[in-house]
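Have a look at entry18.pdb; it's PDB, C-alpha atoms:
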```
ATOM      1  CA  MET A   5      -5.613 186.605 138.116  1.00  0.00           C
ATOM      2  CA  ASP A   6      -2.148 188.187 138.053  1.00  0.00           C
ATOM      3  CA  GLU A   7      -0.237 188.567 141.314  1.00  0.00           C
ATOM      4  CA  THR A   8       2.890 190.316 142.529  1.00  0.00           C
ATOM      5  CA  LEU A   9       6.033 188.613 143.791  1.00  0.00           C
ATOM      6  CA  ILE A  10       9.050 190.250 145.438  1.00  0.00           C
ATOM      7  CA  ILE A  11      12.287 188.261 145.824  1.00  0.00           C
ATOM      8  CA  GLY A  12      13.957 189.543 148.974  1.00  0.00           C
ATOM      9  CA  ARG A  13      17.595 190.567 149.022  1.00  0.00           C
ATOM     10  CA  GLY A  14      18.625 187.513 151.025  1.00  0.00           C
ATOM     11  CA  PHE A  15      17.405 185.022 148.406  1.00  0.00           C
ATOM     12  CA  ASN A  16      20.187 185.692 145.943  1.00  0.00           C
ATOM     13  CA  GLY A  17      22.383 183.355 143.940  1.00  0.00           C
ATOM     14  CA  PRO A  18      24.736 185.800 142.246  1.00  0.00           C
ATOM     15  CA  ARG A  19      25.018 188.744 144.627  1.00  0.00           C
ATOM     16  CA  LEU A  20      22.522 190.973 142.793  1.00  0.00           C
ATOM     17  CA  SER A  21      19.947 188.505 141.444  1.00  0.00           C
ATOM     18  CA  GLY A  22      17.706 185.733 142.719  1.00  0.00           C
ATOM     19  CA  ASN A  23      18.869 182.144 143.144  1.00  0.00           C
ATOM     20  CA  GLY A  24      17.489 180.162 140.219  1.00  0.00           C
ATOM     21  CA  GLY A  25      16.487 177.127 142.242  1.00  0.00           C
ATOM     22  CA  TYR A  26      14.762 179.124 144.980  1.00  0.00           C
ATOM     23  CA  VAL A  27      12.841 181.291 142.503  1.00  0.00           C
ATOM     24  CA  GLY A  28      11.960 178.200 140.490  1.00  0.00           C
ATOM     25  CA  GLY A  29      10.565 176.557 143.604  1.00  0.00           C
ATOM     26  CA  LEU A  30       8.361 179.543 144.371  1.00  0.00           C
ATOM     27  CA  LEU A  31       6.924 179.451 140.862  1.00  0.00           C
ATOM     28  CA  ALA A  32       6.581 175.659 140.926  1.00  0.00           C
ATOM     29  CA  GLY A  33       4.400 175.912 144.046  1.00  0.00           C
ATOM     30  CA  ARG A  34       2.105 178.385 142.342  1.00  0.00           C
ATOM     31  CA  PHE A  35       2.046 176.286 139.189  1.00  0.00           C
ATOM     32  CA  ASP A  36       1.004 173.197 141.172  1.00  0.00           C
ATOM     33  CA  ARG A  37      -1.818 175.074 142.871  1.00  0.00           C
ATOM     34  CA  GLN A  38      -3.099 176.421 139.552  1.00  0.00           C
ATOM     35  CA  PHE A  39      -2.647 173.455 137.227  1.00  0.00           C
ATOM     36  CA  GLY A  40      -2.107 170.352 139.377  1.00  0.00           C
ATOM     37  CA  GLY A  41      -0.204 167.460 137.770  1.00  0.00           C
ATOM     38  CA  ASP A  42       2.250 165.050 139.361  1.00  0.00           C
ATOM     39  CA  GLY A  43       4.334 167.792 140.990  1.00  0.00           C
ATOM     40  CA  ALA A  44       7.180 167.901 138.459  1.00  0.00           C
ATOM     41  CA  VAL A  45       7.584 171.435 137.073  1.00  0.00           C
ATOM     42  CA  GLU A  46       9.965 172.789 134.440  1.00  0.00           C
ATOM     43  CA  ILE A  47      11.337 176.281 135.052  1.00  0.00           C
ATOM     44  CA  THR A  48      13.105 178.238 132.298  1.00  0.00           C
ATOM     45  CA  LEU A  49      15.044 181.316 133.360  1.00  0.00           C
ATOM     46  CA  ARG A  50      15.152 183.952 130.625  1.00  0.00           C
ATOM     47  CA  ALA A  51      16.886 186.802 132.459  1.00  0.00           C
ATOM     48  CA  PRO A  52      18.425 187.539 135.891  1.00  0.00           C
ATOM     49  CA  ILE A  53      15.807 187.881 138.625  1.00  0.00           C
ATOM     50  CA  PRO A  54      15.992 191.353 140.220  1.00  0.00           C
ATOM     51  CA  LEU A  55      15.791 191.650 143.987  1.00  0.00           C
ATOM     52  CA  GLU A  56      13.458 193.866 146.035  1.00  0.00           C
ATOM     53  CA  VAL A  57      11.418 194.727 142.932  1.00  0.00           C
ATOM     54  CA  PRO A  58       7.678 193.965 142.465  1.00  0.00           C
ATOM     55  CA  LEU A  59       7.465 191.314 139.737  1.00  0.00           C
ATOM     56  CA  ARG A  60       4.294 190.224 137.990  1.00  0.00           C
ATOM     57  CA  ILE A  61       3.109 186.616 137.803  1.00  0.00           C
ATOM     58  CA  ALA A  62       0.695 185.970 134.940  1.00  0.00           C
ATOM     59  CA  TYR A  63      -0.966 182.792 133.703  1.00  0.00           C
ATOM     60  CA  ASP A  64      -0.773 182.142 129.961  1.00  0.00           C
ATOM     61  CA  GLY A  65      -2.582 179.015 128.832  1.00  0.00           C
ATOM     62  CA  GLU A  66      -0.917 176.141 130.710  1.00  0.00           C
ATOM     63  CA  ALA A  67       2.139 178.189 131.639  1.00  0.00           C
ATOM     64  CA  LEU A  68       3.026 180.644 134.373  1.00  0.00           C
ATOM     65  CA  MET A  69       5.118 183.706 133.468  1.00  0.00           C
ATOM     66  CA  LEU A  70       7.195 185.963 135.727  1.00  0.00           C
ATOM     67  CA  ARG A  71       7.816 189.433 134.320  1.00  0.00           C
ATOM     68  CA  ASP A  72       9.569 192.648 135.296  1.00  0.00           C
ATOM     69  CA  GLY A  73       7.508 195.166 133.377  1.00  0.00           C
ATOM     70  CA  GLU A  74       7.552 193.834 129.802  1.00  0.00           C
ATOM     71  CA  THR A  75      10.683 191.715 130.354  1.00  0.00           C
ATOM     72  CA  LEU A  76      10.046 187.972 130.620  1.00  0.00           C
ATOM     73  CA  LEU A  77      12.207 186.667 133.457  1.00  0.00           C
ATOM     74  CA  CYS A  78      11.020 183.127 133.988  1.00  0.00           C
ATOM     75  CA  GLU A  79       8.353 180.661 132.897  1.00  0.00           C
ATOM     76  CA  ALA A  80       6.953 177.519 134.461  1.00  0.00           C
ATOM     77  CA  ARG A  81       5.405 174.542 132.649  1.00  0.00           C
ATOM     78  CA  ALA A  82       4.646 170.917 133.432  1.00  0.00           C
ATOM     79  CA  GLY A  83       7.815 168.807 133.435  1.00  0.00           C
ATOM     80  CA  SER A  84       9.003 165.282 134.088  1.00  0.00           C
ATOM     81  CA  VAL A  85      11.739 163.617 136.111  1.00  0.00           C
ATOM     82  CA  ASP A  86      10.634 160.060 135.375  1.00  0.00           C
ATOM     83  CA  HIS A  87      13.690 159.346 133.211  1.00  0.00           C
ATOM     84  CA  LEU A  88      16.177 160.066 136.000  1.00  0.00           C
ATOM     85  CA  LYS A  89      17.952 157.152 137.651  1.00  0.00           C
ATOM     86  CA  PRO A  90      19.720 158.584 140.701  1.00  0.00           C
ATOM     87  CA  PRO A  91      22.779 157.014 142.284  1.00  0.00           C
ATOM     88  CA  PRO A  92      22.103 155.333 145.636  1.00  0.00           C
ATOM     89  CA  PRO A  93      22.259 157.425 148.804  1.00  0.00           C
ATOM     90  CA  PRO A  94      25.732 157.781 150.289  1.00  0.00           C
ATOM     91  CA  SER A  95      26.833 155.182 152.796  1.00  0.00           C
ATOM     92  CA  ASP A  96      29.783 157.126 154.249  1.00  0.00           C
ATOM     93  CA  TRP A  97      28.273 159.911 156.342  1.00  0.00           C
ATOM     94  CA  THR A  98      31.658 160.870 157.705  1.00  0.00           C
ATOM     95  CA  GLU A  99      32.482 161.996 154.169  1.00  0.00           C
ATOM     96  CA  VAL A 100      29.125 163.754 153.806  1.00  0.00           C
ATOM     97  CA  MET A 101      29.669 165.760 156.982  1.00  0.00           C
ATOM     98  CA  HIS A 102      33.246 166.513 155.944  1.00  0.00           C
ATOM     99  CA  ARG A 103      31.819 168.188 152.833  1.00  0.00           C
ATOM    100  CA  GLY A 104      29.906 170.436 155.192  1.00  0.00           C
ATOM    101  CA  ASP A 105      33.193 171.500 156.775  1.00  0.00           C
ATOM    102  CA  VAL A 106      35.173 172.174 153.592  1.00  0.00           C
ATOM    103  CA  GLY A 107      32.693 172.531 150.703  1.00  0.00           C
ATOM    104  CA  GLY A 108      30.510 175.301 149.356  1.00  0.00           C
ATOM    105  CA  SER A 109      31.413 178.562 147.657  1.00  0.00           C
ATOM    106  CA  PRO A 110      34.378 180.271 149.389  1.00  0.00           C
ATOM    107  CA  GLU A 111      35.232 183.933 149.726  1.00  0.00           C
ATOM    108  CA  ASP A 112      36.961 184.179 146.332  1.00  0.00           C
ATOM    109  CA  SER A 113      33.923 182.734 144.530  1.00  0.00           C
ATOM    110  CA  ASP A 114      31.214 184.673 142.697  1.00  0.00           C
ATOM    111  CA  PHE A 115      28.713 182.777 144.853  1.00  0.00           C
ATOM    112  CA  HIS A 116      30.196 183.333 148.319  1.00  0.00           C
ATOM    113  CA  TRP A 117      26.910 184.977 149.391  1.00  0.00           C
ATOM    114  CA  CYS A 118      24.545 182.596 147.576  1.00  0.00           C
ATOM    115  CA  ILE A 119      21.621 181.581 149.787  1.00  0.00           C
ATOM    116  CA  VAL A 120      22.204 177.924 148.944  1.00  0.00           C
ATOM    117  CA  CYS A 121      25.951 177.313 148.772  1.00  0.00           C
ATOM    118  CA  GLY A 122      27.625 180.503 150.028  1.00  0.00           C
ATOM    119  CA  ARG A 123      29.993 180.077 152.944  1.00  0.00           C
ATOM    120  CA  GLY A 124      29.422 183.738 153.759  1.00  0.00           C
ATOM    121  CA  ARG A 125      25.874 182.993 154.937  1.00  0.00           C
ATOM    122  CA  GLY A 126      25.307 182.145 158.586  1.00  0.00           C
ATOM    123  CA  VAL A 127      23.280 179.301 160.065  1.00  0.00           C
ATOM    124  CA  GLY A 128      19.560 180.035 159.655  1.00  0.00           C
ATOM    125  CA  ASP A 129      20.307 182.766 157.118  1.00  0.00           C
ATOM    126  CA  GLY A 130      21.703 180.765 154.211  1.00  0.00           C
ATOM    127  CA  MET A 131      20.873 177.119 153.599  1.00  0.00           C
ATOM    128  CA  ARG A 132      24.564 176.138 153.819  1.00  0.00           C
ATOM    129  CA  VAL A 133      24.373 173.324 151.279  1.00  0.00           C
ATOM    130  CA  PHE A 134      28.110 172.727 151.187  1.00  0.00           C
ATOM    131  CA  GLY A 135      29.729 170.317 148.785  1.00  0.00           C
ATOM    132  CA  ALA A 136      32.129 169.884 145.894  1.00  0.00           C
ATOM    133  CA  SER A 137      32.807 167.701 142.878  1.00  0.00           C
ATOM    134  CA  GLY A 138      33.538 163.996 143.338  1.00  0.00           C
ATOM    135  CA  PRO A 139      33.951 161.345 144.487  1.00  0.00           C
ATOM    136  CA  GLY A 140      34.782 160.330 140.923  1.00  0.00           C
ATOM    137  CA  PRO A 141      34.361 162.280 137.673  1.00  0.00           C
ATOM    138  CA  GLY A 142      30.979 163.743 136.864  1.00  0.00           C
ATOM    139  CA  ARG A 143      29.709 163.469 140.423  1.00  0.00           C
ATOM    140  CA  SER A 144      29.211 165.764 143.400  1.00  0.00           C
ATOM    141  CA  LEU A 145      28.368 165.268 147.044  1.00  0.00           C
ATOM    142  CA  SER A 146      26.983 167.903 149.400  1.00  0.00           C
ATOM    143  CA  CYS A 147      25.949 168.148 153.032  1.00  0.00           C
ATOM    144  CA  TYR A 148      22.687 169.829 154.040  1.00  0.00           C
ATOM    145  CA  VAL A 149      21.214 170.141 157.538  1.00  0.00           C
ATOM    146  CA  PRO A 150      17.728 171.727 157.240  1.00  0.00           C
ATOM    147  CA  HIS A 151      17.051 174.705 159.497  1.00  0.00           C
ATOM    148  CA  ALA A 152      13.806 175.799 161.166  1.00  0.00           C
ATOM    149  CA  ALA A 153      13.987 179.194 159.444  1.00  0.00           C
ATOM    150  CA  HIS A 154      13.192 177.446 156.159  1.00  0.00           C
ATOM    151  CA  ALA A 155      10.394 175.169 157.426  1.00  0.00           C
ATOM    152  CA  ASP A 156       6.613 175.269 157.440  1.00  0.00           C
ATOM    153  CA  ALA A 157       4.452 175.048 160.564  1.00  0.00           C
ATOM    154  CA  ALA A 158       4.753 171.245 160.576  1.00  0.00           C
ATOM    155  CA  GLY A 159       8.558 171.374 160.644  1.00  0.00           C
ATOM    156  CA  ARG A 160       8.994 170.287 157.014  1.00  0.00           C
ATOM    157  CA  ILE A 161      11.275 172.241 154.700  1.00  0.00           C
ATOM    158  CA  LYS A 162       9.365 174.387 152.205  1.00  0.00           C
ATOM    159  CA  PRO A 163       9.575 173.341 148.531  1.00  0.00           C
ATOM    160  CA  GLU A 164      11.346 176.496 147.349  1.00  0.00           C
ATOM    161  CA  PHE A 165      14.289 175.727 149.629  1.00  0.00           C
ATOM    162  CA  LEU A 166      14.427 172.127 148.410  1.00  0.00           C
ATOM    163  CA  TRP A 167      14.560 173.392 144.839  1.00  0.00           C
ATOM    164  CA  GLY A 168      17.471 175.545 145.974  1.00  0.00           C
ATOM    165  CA  ALA A 169      19.187 172.552 147.572  1.00  0.00           C
ATOM    166  CA  LEU A 170      18.964 170.684 144.247  1.00  0.00           C
ATOM    167  CA  ASP A 171      20.355 173.621 142.289  1.00  0.00           C
ATOM    168  CA  CYS A 172      23.982 174.456 143.137  1.00  0.00           C
ATOM    169  CA  PRO A 173      25.238 170.857 143.650  1.00  0.00           C
ATOM    170  CA  GLY A 174      24.314 170.167 140.026  1.00  0.00           C
ATOM    171  CA  ALA A 175      26.913 172.653 138.814  1.00  0.00           C
ATOM    172  CA  TRP A 176      29.639 170.949 140.830  1.00  0.00           C
ATOM    173  CA  ALA A 177      28.794 167.665 139.093  1.00  0.00           C
ATOM    174  CA  ALA A 178      28.433 169.138 135.606  1.00  0.00           C
ATOM    175  CA  GLN A 179      31.489 171.360 135.389  1.00  0.00           C
ATOM    176  CA  ASP A 180      34.851 170.148 134.196  1.00  0.00           C
ATOM    177  CA  ALA A 181      37.453 170.062 136.945  1.00  0.00           C
ATOM    178  CA  ASP A 182      39.734 172.228 134.780  1.00  0.00           C
ATOM    179  CA  ASP A 183      37.057 174.775 133.815  1.00  0.00           C
ATOM    180  CA  TRP A 184      35.454 176.574 136.734  1.00  0.00           C
ATOM    181  CA  ARG A 185      34.044 179.567 134.871  1.00  0.00           C
ATOM    182  CA  PRO A 186      30.819 180.655 136.590  1.00  0.00           C
ATOM    183  CA  ALA A 187      27.709 178.833 135.362  1.00  0.00           C
ATOM    184  CA  LEU A 188      24.126 180.014 135.829  1.00  0.00           C
ATOM    185  CA  THR A 189      20.902 178.033 135.938  1.00  0.00           C
ATOM    186  CA  GLY A 190      19.164 178.122 132.562  1.00  0.00           C
ATOM    187  CA  ARG A 191      16.450 175.514 132.985  1.00  0.00           C
ATOM    188  CA  MET A 192      15.519 173.328 135.923  1.00  0.00           C
ATOM    189  CA  THR A 193      12.921 170.614 136.370  1.00  0.00           C
ATOM    190  CA  ALA A 194      12.304 169.219 139.837  1.00  0.00           C
ATOM    191  CA  LYS A 195       9.852 167.273 141.947  1.00  0.00           C
ATOM    192  CA  VAL A 196       9.537 167.317 145.724  1.00  0.00           C
ATOM    193  CA  LEU A 197       8.614 163.854 147.003  1.00  0.00           C
ATOM    194  CA  ASP A 198       8.902 163.877 150.795  1.00  0.00           C
ATOM    195  CA  PRO A 199      10.311 167.037 152.394  1.00  0.00           C
ATOM    196  CA  PRO A 200      12.909 166.512 155.133  1.00  0.00           C
ATOM    197  CA  ARG A 201      12.264 167.669 158.661  1.00  0.00           C
ATOM    198  CA  VAL A 202      14.201 170.307 160.534  1.00  0.00           C
ATOM    199  CA  GLY A 203      17.522 168.890 161.736  1.00  0.00           C
ATOM    200  CA  GLU A 204      17.470 165.731 159.580  1.00  0.00           C
ATOM    201  CA  ARG A 205      20.942 165.300 158.149  1.00  0.00           C
ATOM    202  CA  CYS A 206      20.735 165.217 154.364  1.00  0.00           C
ATOM    203  CA  ALA A 207      23.008 164.673 151.395  1.00  0.00           C
ATOM    204  CA  VAL A 208      22.616 165.978 147.866  1.00  0.00           C
ATOM    205  CA  VAL A 209      24.078 163.664 145.243  1.00  0.00           C
ATOM    206  CA  GLY A 210      24.784 165.176 141.835  1.00  0.00           C
ATOM    207  CA  TRP A 211      25.673 163.527 138.554  1.00  0.00           C
ATOM    208  CA  ARG A 212      26.582 164.811 135.102  1.00  0.00           C
ATOM    209  CA  LEU A 213      24.215 164.135 132.221  1.00  0.00           C
ATOM    210  CA  GLY A 214      26.252 165.668 129.374  1.00  0.00           C
ATOM    211  CA  ALA A 215      27.396 168.882 127.713  1.00  0.00           C
ATOM    212  CA  GLU A 216      26.811 170.809 124.501  1.00  0.00           C
ATOM    213  CA  GLY A 217      29.029 173.839 123.960  1.00  0.00           C
ATOM    214  CA  ARG A 218      28.438 176.212 126.884  1.00  0.00           C
ATOM    215  CA  LYS A 219      25.413 174.191 128.022  1.00  0.00           C
ATOM    216  CA  LEU A 220      26.019 171.660 130.783  1.00  0.00           C
ATOM    217  CA  TYR A 221      23.471 169.102 131.968  1.00  0.00           C
ATOM    218  CA  SER A 222      23.234 167.591 135.428  1.00  0.00           C
ATOM    219  CA  ALA A 223      20.830 165.958 137.844  1.00  0.00           C
ATOM    220  CA  THR A 224      20.580 165.945 141.626  1.00  0.00           C
ATOM    221  CA  ALA A 225      18.852 163.890 144.301  1.00  0.00           C
ATOM    222  CA  LEU A 226      18.346 164.841 147.939  1.00  0.00           C
ATOM    223  CA  TYR A 227      18.433 162.007 150.498  1.00  0.00           C
ATOM    224  CA  THR A 228      18.091 161.864 154.259  1.00  0.00           C
ATOM    225  CA  GLU A 229      20.645 159.955 156.323  1.00  0.00           C
ATOM    226  CA  GLN A 230      18.138 157.084 156.476  1.00  0.00           C
ATOM    227  CA  GLY A 231      18.163 156.883 152.659  1.00  0.00           C
ATOM    228  CA  ARG A 232      14.771 158.503 152.031  1.00  0.00           C
ATOM    229  CA  LEU A 233      14.585 160.263 148.664  1.00  0.00           C
ATOM    230  CA  CYS A 234      13.154 163.726 149.347  1.00  0.00           C
ATOM    231  CA  ALA A 235      13.486 165.526 146.009  1.00  0.00           C
ATOM    232  CA  ILE A 236      14.982 165.004 142.577  1.00  0.00           C
ATOM    233  CA  GLY A 237      15.635 167.197 139.555  1.00  0.00           C
ATOM    234  CA  HIS A 238      17.711 167.967 136.497  1.00  0.00           C
ATOM    235  CA  CYS A 239      19.214 171.209 135.281  1.00  0.00           C
ATOM    236  CA  THR A 240      20.709 172.960 132.269  1.00  0.00           C
ATOM    237  CA  TRP A 241      23.602 175.259 133.120  1.00  0.00           C
ATOM    238  CA  ILE A 242      24.918 178.095 130.968  1.00  0.00           C
ATOM    239  CA  VAL A 243      28.658 178.683 131.350  1.00  0.00           C
ATOM    240  CA  LEU A 244      29.444 182.404 131.222  1.00  0.00           C
ATOM    241  CA  ARG A 245      31.920 183.554 128.615  1.00  0.00           C
ATOM    242  CA  SER A 246      35.388 184.434 129.913  1.00  0.00           C
TER     243      SER A 246
END
```
For this file, write the structure as structure tokens.
Amino acid sequence: MDETLIIGRGFNGPRLSGNGGYVGGLLAGRFDRQFGGDGAVEITLRAPIPLEVPLRIAYDGEALMLRDGETLLCEARAGSVDHLKPPPPPSDWTEVMHRGDVGGSPEDSDFHWCIVCGRGRGVGDGMRVFGASGPGPGRSLSCYVPHAAHADAAGRIKPEFLWGALDCPGAWAAQDADDWRPALTGRMTAKVLDPPRVGERCAVVGWRLGAEGRKLYSATALYTEQGRLCAIGHCTWIVLRS
């Protein structure tokens, strides 16, 4: 049976459209409930996700489709993250917390108001996953302290927010240090393993997988301070033309 989904104004990536990771996580949850599997879901974004508009979710064979009228916005299918070999969790939490002080998308960025990485979003409003590229080429490190506003009744962070946390740090790992043209999420596959609890200090480690023209490939892993792997995923980014 088809259902309606509205992405609220506060769940944006670019200012006027939905954050790819967050929207992907919402669809992944519905996909899991409908089709089961091991929890890894592949999300392909076909068009920007409008905000505050009733969107239609339809099931098509073993896929889930999100549409705005006749326009296909996004589709969800079974995916896999089994091939990913994440770096170890960070050992220097002074550096992780420093990323929280200086990282994220600043005022002059296209993503200053992004729910995940925007520094314009307050505590409990945005997720404030703040990080940057490095240490070392093709890597990123981000700080994330989960907030109760994004948790379920048991105090665990909801999957859609964990998908968001895996999203933006991947771009910081994938992009060339000399080419910071905006990049948007094209395809993302993720799996939530063990959601963090409210207040658990977390780090998102990102690493570059490769590039092909304007397509960039990255992966991300979310760890708690105790080294517990909470979620993992990989992403294809589309660099916007100048």
List as JSON, numbers by chain the protein and nucleic acid residues near Ala181 (chain A), meaning an atom at most 10 Å away when all atoms listed in the file are counted, but skip any in the same chain fewer than 3 places from it. {"A": [137, 138, 141, 142, 176, 177, 178, 184]}
Using all atoms listed in the file, determine which residues lie at most 10 Å from Gly168 (chain A), disregarding the query and same-chain residues fewer than 3 positions distant; provide the list as a PDB file with C-alpha atoms, in the coordinates of the input.
```
ATOM      1  CA  PHE A  15      17.405 185.022 148.406  1.00  0.00           C
ATOM      2  CA  GLY A  17      22.383 183.355 143.940  1.00  0.00           C
ATOM      3  CA  ASN A  23      18.869 182.144 143.144  1.00  0.00           C
ATOM      4  CA  GLY A  24      17.489 180.162 140.219  1.00  0.00           C
ATOM      5  CA  GLY A  25      16.487 177.127 142.242  1.00  0.00           C
ATOM      6  CA  TYR A  26      14.762 179.124 144.980  1.00  0.00           C
ATOM      7  CA  VAL A  27      12.841 181.291 142.503  1.00  0.00           C
ATOM      8  CA  GLY A  28      11.960 178.200 140.490  1.00  0.00           C
ATOM      9  CA  GLY A  29      10.565 176.557 143.604  1.00  0.00           C
ATOM     10  CA  ILE A 119      21.621 181.581 149.787  1.00  0.00           C
ATOM     11  CA  VAL A 120      22.204 177.924 148.944  1.00  0.00           C
ATOM     12  CA  CYS A 121      25.951 177.313 148.772  1.00  0.00           C
ATOM     13  CA  MET A 131      20.873 177.119 153.599  1.00  0.00           C
ATOM     14  CA  VAL A 133      24.373 173.324 151.279  1.00  0.00           C
ATOM     15  CA  PRO A 163       9.575 173.341 148.531  1.00  0.00           C
ATOM     16  CA  GLU A 164      11.346 176.496 147.349  1.00  0.00           C
ATOM     17  CA  PHE A 165      14.289 175.727 149.629  1.00  0.00           C
ATOM     18  CA  ASP A 171      20.355 173.621 142.289  1.00  0.00           C
ATOM     19  CA  CYS A 172      23.982 174.456 143.137  1.00  0.00           C
ATOM     20  CA  PRO A 173      25.238 170.857 143.650  1.00  0.00           C
TER      21      PRO A 173
END
```
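CA of Pro199 (chain A) to CA of Leu55 (chain A) spans 26.6 Å [interatomic distance, one decimal].
Nearest-residue note for Gly214 (chain A): choosing from A:Arg160, A:Arg143, A:Arg245, A:Arg232, the minimum distance belongs to A:Arg143, counting all atoms listed in the file.
Picked by the PyMOL selection byres ((chain A and resi 19) around 10) from the coordinates shown: Arg13, Gly14, Phe15, Asn16, Gly17, Pro18, Leu20, Ser21, Gly22, Asn23, Leu55, Asp114, Phe115, His116, Trp117, Cys118 and Ile119 of chain A.
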Among A:Ala82, A:Ile161, A:Ala153, A:Val196, Gly126 (chain A) is approached most closely, using all atoms listed in the file, by A:Ala153
Hey, can you check how far CA of Gly237 (chain A) sits from CA of Glu56 (chain A)? 27.5 Å
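Counting only C-alpha atoms, the residue from A:Val45, A:Ile61, A:Ala155, A:Ala235 that sits nearest to Glu7 (chain A) is A:Ile61.
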With the file shown as input, list the residues that the PyMOL selection byres ((chain A and resi 204) around 7) selects, as a compact mmCIF listing (two decimals) with C-alpha atoms, keeping the file's coordinate frame.
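In the end it all went to selection13.txt:
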```
# COMPACT_ATOMS: atom_id res chain seq x y z
CA VAL A 149 21.21 170.14 157.54
CA PRO A 150 17.73 171.73 157.24
CA PRO A 200 12.91 166.51 155.13
CA ARG A 201 12.26 167.67 158.66
CA VAL A 202 14.20 170.31 160.53
CA GLY A 203 17.52 168.89 161.74
CA ARG A 205 20.94 165.30 158.15
CA CYS A 206 20.74 165.22 154.36
CA THR A 228 18.09 161.86 154.26
```
How about completing region 163-176 of chain A with N, CA and C atoms and giving it to me as a PDB file, in the frame of the given file?
```pdb
ATOM      1  N   PRO A 163       9.101 173.791 149.843  1.00  0.00           N
ATOM      2  CA  PRO A 163       9.575 173.341 148.531  1.00  0.00           C
ATOM      3  C   PRO A 163      10.584 174.272 147.871  1.00  0.00           C
ATOM      4  N   GLU A 164      10.421 175.591 148.017  1.00  0.00           N
ATOM      5  CA  GLU A 164      11.346 176.496 147.349  1.00  0.00           C
ATOM      6  C   GLU A 164      12.784 176.322 147.840  1.00  0.00           C
ATOM      7  N   PHE A 165      12.940 175.959 149.109  1.00  0.00           N
ATOM      8  CA  PHE A 165      14.289 175.727 149.629  1.00  0.00           C
ATOM      9  C   PHE A 165      14.834 174.383 149.140  1.00  0.00           C
ATOM     10  N   LEU A 166      13.969 173.409 148.947  1.00  0.00           N
ATOM     11  CA  LEU A 166      14.427 172.127 148.410  1.00  0.00           C
ATOM     12  C   LEU A 166      14.833 172.269 146.952  1.00  0.00           C
ATOM     13  N   TRP A 167      14.120 173.085 146.201  1.00  0.00           N
ATOM     14  CA  TRP A 167      14.560 173.392 144.839  1.00  0.00           C
ATOM     15  C   TRP A 167      15.951 174.045 144.881  1.00  0.00           C
ATOM     16  N   GLY A 168      16.156 174.936 145.833  1.00  0.00           N
ATOM     17  CA  GLY A 168      17.471 175.545 145.974  1.00  0.00           C
ATOM     18  C   GLY A 168      18.540 174.520 146.284  1.00  0.00           C
ATOM     19  N   ALA A 169      18.214 173.577 147.188  1.00  0.00           N
ATOM     20  CA  ALA A 169      19.187 172.552 147.572  1.00  0.00           C
ATOM     21  C   ALA A 169      19.576 171.677 146.392  1.00  0.00           C
ATOM     22  N   LEU A 170      18.662 171.478 145.435  1.00  0.00           N
ATOM     23  CA  LEU A 170      18.964 170.684 144.247  1.00  0.00           C
ATOM     24  C   LEU A 170      19.773 171.457 143.210  1.00  0.00           C
ATOM     25  N   ASP A 171      19.805 172.768 143.341  1.00  0.00           N
ATOM     26  CA  ASP A 171      20.355 173.621 142.289  1.00  0.00           C
ATOM     27  C   ASP A 171      21.887 173.603 142.253  1.00  0.00           C
ATOM     28  N   CYS A 172      22.529 174.261 143.183  1.00  0.00           N
ATOM     29  CA  CYS A 172      23.982 174.456 143.137  1.00  0.00           C
ATOM     30  C   CYS A 172      24.788 173.159 143.042  1.00  0.00           C
ATOM     31  N   PRO A 173      24.450 172.086 143.770  1.00  0.00           N
ATOM     32  CA  PRO A 173      25.238 170.857 143.650  1.00  0.00           C
ATOM     33  C   PRO A 173      25.281 170.287 142.238  1.00  0.00           C
ATOM     34  N   GLY A 174      24.288 170.627 141.403  1.00  0.00           N
ATOM     35  CA  GLY A 174      24.314 170.167 140.026  1.00  0.00           C
ATOM     36  C   GLY A 174      25.461 170.758 139.239  1.00  0.00           C
ATOM     37  N   ALA A 175      25.794 172.016 139.517  1.00  0.00           N
ATOM     38  CA  ALA A 175      26.913 172.653 138.814  1.00  0.00           C
ATOM     39  C   ALA A 175      28.225 171.977 139.163  1.00  0.00           C
ATOM     40  N   TRP A 176      28.388 171.592 140.427  1.00  0.00           N
ATOM     41  CA  TRP A 176      29.639 170.949 140.830  1.00  0.00           C
ATOM     42  C   TRP A 176      29.812 169.591 140.151  1.00  0.00           C
TER      43      TRP A 176
END
```
